[in-house]
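Engineer: Handing you this structure, nothing more for now.
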Amino acid sequence: MTQDKLKQAAARAALQEVAADCILGVGTGSTADYFVDALAERGVRLAGTVASSERTAQRLAARGFTVLDLNDVASLPLYVDGADEIDGNLAMIKGGGGALTREKIVAAVAERFVCVADASKRVATLGRFPLPVEVIPMARAHVARRLTDLGGRPVFRENFVTDNGNVILDVHGLAIGAPEALEAEIDGIAGVVTNGLFARRAADVLLLGTPEGVRRFERAAR
């Protein structure tokens, strides 16, 4: 099976996690796009949706779903999104599409976070995929120096501005053995909005598309 087919299979499997007439958070990226399309194809009824990016909001609205402002939502039972990498503890690197800040906010509000991904995204140690860091523009050089001190090689993402009006540094060369600690350390750098480590708020469930079928993993109780 192709990678796209594996993504589609995982996205369709996530429909089983969605309760009818709920308010649903939806992430950003190709696998999330497949999930939105599957919701529409199956005619899933929703009370509303919360999107993690302008791109996703447009896709949801185009398929007939009501898109709500997160500030107007009292509770969010479920958030479904993809990942650029995910480890055995269901900690992730996200933000390849540049929506990491809004994704992290929606994930923080959600009661359950279901990650949908193809088998290539599962890794033993995070860091092969460059870690995105959203940065206030005036702090770009300062943050880059601090990230270099941490052992990474930050690369400015050219010709890209986030939905929040900021820039992204993609940090190469990290082997992230303690993702929660690194997430907190990077977030503590002045000028950082957030980084693409989702370890303090990891996924609760992983639906992994493999050639043998979709495998379901749940995060161990802590």
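Ordering of the structure tokens sets the chain letters (A, B, ...), residue numbers begin anew at 1 in every chain, and ligands are numbered from 1 in the order given.
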Please report, as a Markdown table, each residue of region 50-129 of chain A lying at most 12 Å from region 150-160 of chain A, together with the nearest pair of atoms and the separation in Å rounded to one decimal; use only C-alpha atoms, and order rows by chain and ascending residue number.
Structural biologist:
```
| residue | atom | partner | partner_atom | distance |
| --- | --- | --- | --- | --- |
| A:Gly95 | CA | A:Arg157 | CA | 11.8 |
| A:Gly96 | CA | A:Arg157 | CA | 10.4 |
| A:Gly97 | CA | A:Phe160 | CA | 10.0 |
| A:Gly98 | CA | A:Phe160 | CA | 8.3 |
| A:Ala99 | CA | A:Phe160 | CA | 11.3 |
| A:Gly127 | CA | A:Gly152 | CA | 9.9 |
| A:Arg128 | CA | A:Gly152 | CA | 11.5 |
```
Engineer: Write a file of the selected residues as a PDB file, in the first residue's frame, keeping N, CA and C atoms.
Structural biologist:
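Output (again-v6.pdb):
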```pdb
ATOM      1  N   GLY A  95       4.012  20.052  13.522  1.00  0.00           N
ATOM      2  CA  GLY A  95       4.289  21.393  13.046  1.00  0.00           C
ATOM      3  C   GLY A  95       4.939  21.465  11.687  1.00  0.00           C
ATOM      4  N   GLY A  96       5.037  20.324  11.002  1.00  0.00           N
ATOM      5  CA  GLY A  96       5.583  20.364   9.653  1.00  0.00           C
ATOM      6  C   GLY A  96       4.788  21.277   8.738  1.00  0.00           C
ATOM      7  N   GLY A  97       3.493  21.389   9.005  1.00  0.00           N
ATOM      8  CA  GLY A  97       2.650  22.285   8.220  1.00  0.00           C
ATOM      9  C   GLY A  97       2.576  23.693   8.777  1.00  0.00           C
ATOM     10  N   GLY A  98       3.214  23.923   9.919  1.00  0.00           N
ATOM     11  CA  GLY A  98       3.285  25.261  10.486  1.00  0.00           C
ATOM     12  C   GLY A  98       2.178  25.646  11.438  1.00  0.00           C
ATOM     13  N   ALA A  99       1.287  24.712  11.795  1.00  0.00           N
ATOM     14  CA  ALA A  99       0.139  25.047  12.644  1.00  0.00           C
ATOM     15  C   ALA A  99       0.344  24.614  14.096  1.00  0.00           C
ATOM     16  N   GLY A 127      13.187  13.059  16.789  1.00  0.00           N
ATOM     17  CA  GLY A 127      14.243  13.967  16.389  1.00  0.00           C
ATOM     18  C   GLY A 127      14.750  13.794  14.976  1.00  0.00           C
ATOM     19  N   ARG A 128      14.436  12.693  14.348  1.00  0.00           N
ATOM     20  CA  ARG A 128      14.830  12.544  12.947  1.00  0.00           C
ATOM     21  C   ARG A 128      14.140  13.601  12.097  1.00  0.00           C
TER      22      ARG A 128
END
```
Engineer: Show me, as a list in words, the residues that have an atom within 9 Å of region 202-207 of chain A when counting only C-alpha atoms, minus same-chain residues fewer than 5 positions from it.
Structural biologist: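 Within the cut-off, the hits are Ala10, Ala11, Ala13, Ala14, Ile86, Asn89, Leu90, Ala91, Met92, Ala107, Arg112, Phe113, Val114, Cys115, Val116, Ala117, Asp118, Leu197, Val214, Arg215, Arg216, Phe217, Glu218, Arg219 and Ala220 of chain A.
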Engineer: Give me the residues near region 62-76 of chain A as a list of chain:residue names, where near means some atom within 9 Å (using only C-alpha atoms) and where sequence neighbours in that chain fewer than 2 positions away do not count.
Structural biologist: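 Those residues are A:Cys22, A:Ile23, A:Leu24, A:Gly25, A:Val36, A:Asp37, A:Leu39, A:Ala40, A:Arg45, A:Leu46, A:Ala47, A:Gly48, A:Thr49, A:Val50, A:Ala51, A:Ala57, A:Gln58, A:Arg59, A:Leu60, A:Leu78, A:Tyr79, A:Val106, A:Val109, A:Ala110, A:Glu111, A:Arg112.
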Engineer: Which of region 51-213 of chain A counts as helix (DSSP H, G or I) under DSSP, as number ranges by chain please?
Structural biologist: A: 54-62, 70-72, 100-109, 119-121, 137-149, 179-187
Engineer: Compare A:Phe129, A:Ile186, A:Lys94, A:Ala108 by their minimum atom-to-atom distance to Ala144 (chain A), counting only C-alpha atoms, and give me the closest one.
Structural biologist: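 Counting only C-alpha atoms, the residue closest to Ala144 (chain A) is A:Ile186.
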Engineer: Figure out the distance between CA of Glu85 (chain A) and CA of Gly27 (chain A), please, to one decimal in Å.
Structural biologist: 14.8 Å
Engineer: Here is a test: counting only C-alpha atoms, which residue of A:Ala119, A:Glu103, A:Ile136, A:Arg200 is nearest to Glu212 (chain A)?
Structural biologist: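 Distance minimum relative to Glu212 (chain A) lands on A:Ala119.
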Engineer: Mind giving me the straight-line distance from CA of Glu134 (chain A) to CA of Val161 (chain A) in Å, one decimal?
Structural biologist: 9.5 Å
Engineer: Have a look at A:Thr162, A:Gln8, A:Thr56, A:Gln16 and name the one nearest to Tyr34 (chain A); count only C-alpha atoms.
Structural biologist: A:Gln8
Engineer: What's around Thr125 (chain A) at 7 Å? Count only C-alpha atoms, leave out sequence neighbours fewer than 2 positions away in its own chain, and write the answer as a tab-separated table (two decimals) with N, CA and C atoms, in the first residue's frame.
Structural biologist:
```
chain	number	residue	atom	x	y	z
A	87	ASP	N	6.40	8.56	19.19
A	87	ASP	CA	7.20	7.50	19.81
A	87	ASP	C	6.32	6.52	20.59
A	123	VAL	N	8.50	6.09	15.56
A	123	VAL	CA	9.95	6.06	15.77
A	123	VAL	C	10.26	5.65	17.20
A	127	GLY	N	13.19	13.06	16.79
A	127	GLY	CA	14.24	13.97	16.39
A	127	GLY	C	14.75	13.79	14.98
A	175	ALA	N	18.51	14.40	18.98
A	175	ALA	CA	18.04	13.08	19.41
A	175	ALA	C	17.36	13.30	20.74
A	176	ILE	N	16.04	13.21	20.74
A	176	ILE	CA	15.26	13.70	21.87
A	176	ILE	C	14.90	12.54	22.80
A	177	GLY	N	15.77	12.29	23.76
A	177	GLY	CA	15.53	11.20	24.71
A	177	GLY	C	14.61	11.57	25.84
```
Engineer: Apply DSSP to the backbone of this structure and, from region 15-204 of chain A, keep only the residues in strand (DSSP E); write these as a ChimeraX atom specification.
Structural biologist: /A:23-26,48-51,76-81,85-86,92-93,110-118,131-135,153-156,167-172,192-195,197-198
Engineer: Which residue out of A:Val171, A:Leu182, A:Val192, A:Ile105 has the minimum interatomic distance to Met138 (chain A) when only C-alpha atoms are used?
Structural biologist: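 Result for the nearest residue to Met138 (chain A): A:Val192.
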Engineer: Of the candidates A:Pro211, A:Gly191, A:Gly43, A:Gly29, which shows the shortest atom-to-atom distance to His142 (chain A), using only C-alpha atoms?
Structural biologist: A:Gly191
Engineer: If I take CA of Ile189 (chain A) and CA of Ala141 (chain A), how far is one from the other in Å, to one decimal?
Structural biologist: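 Going from CA of Ile189 (chain A) over to CA of Ala141 (chain A), I get 12.0 Å.
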Engineer: For each of A:Ala221, A:Leu169, A:Leu15, A:Ile93, take the minimum atom-to-atom distance to Ala32 (chain A), counting only C-alpha atoms, then give the residue where this is smallest.
Structural biologist: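 Between A:Ala221, A:Leu169, A:Leu15, A:Ile93, the residue approaching Ala32 (chain A) most closely is A:Leu15.
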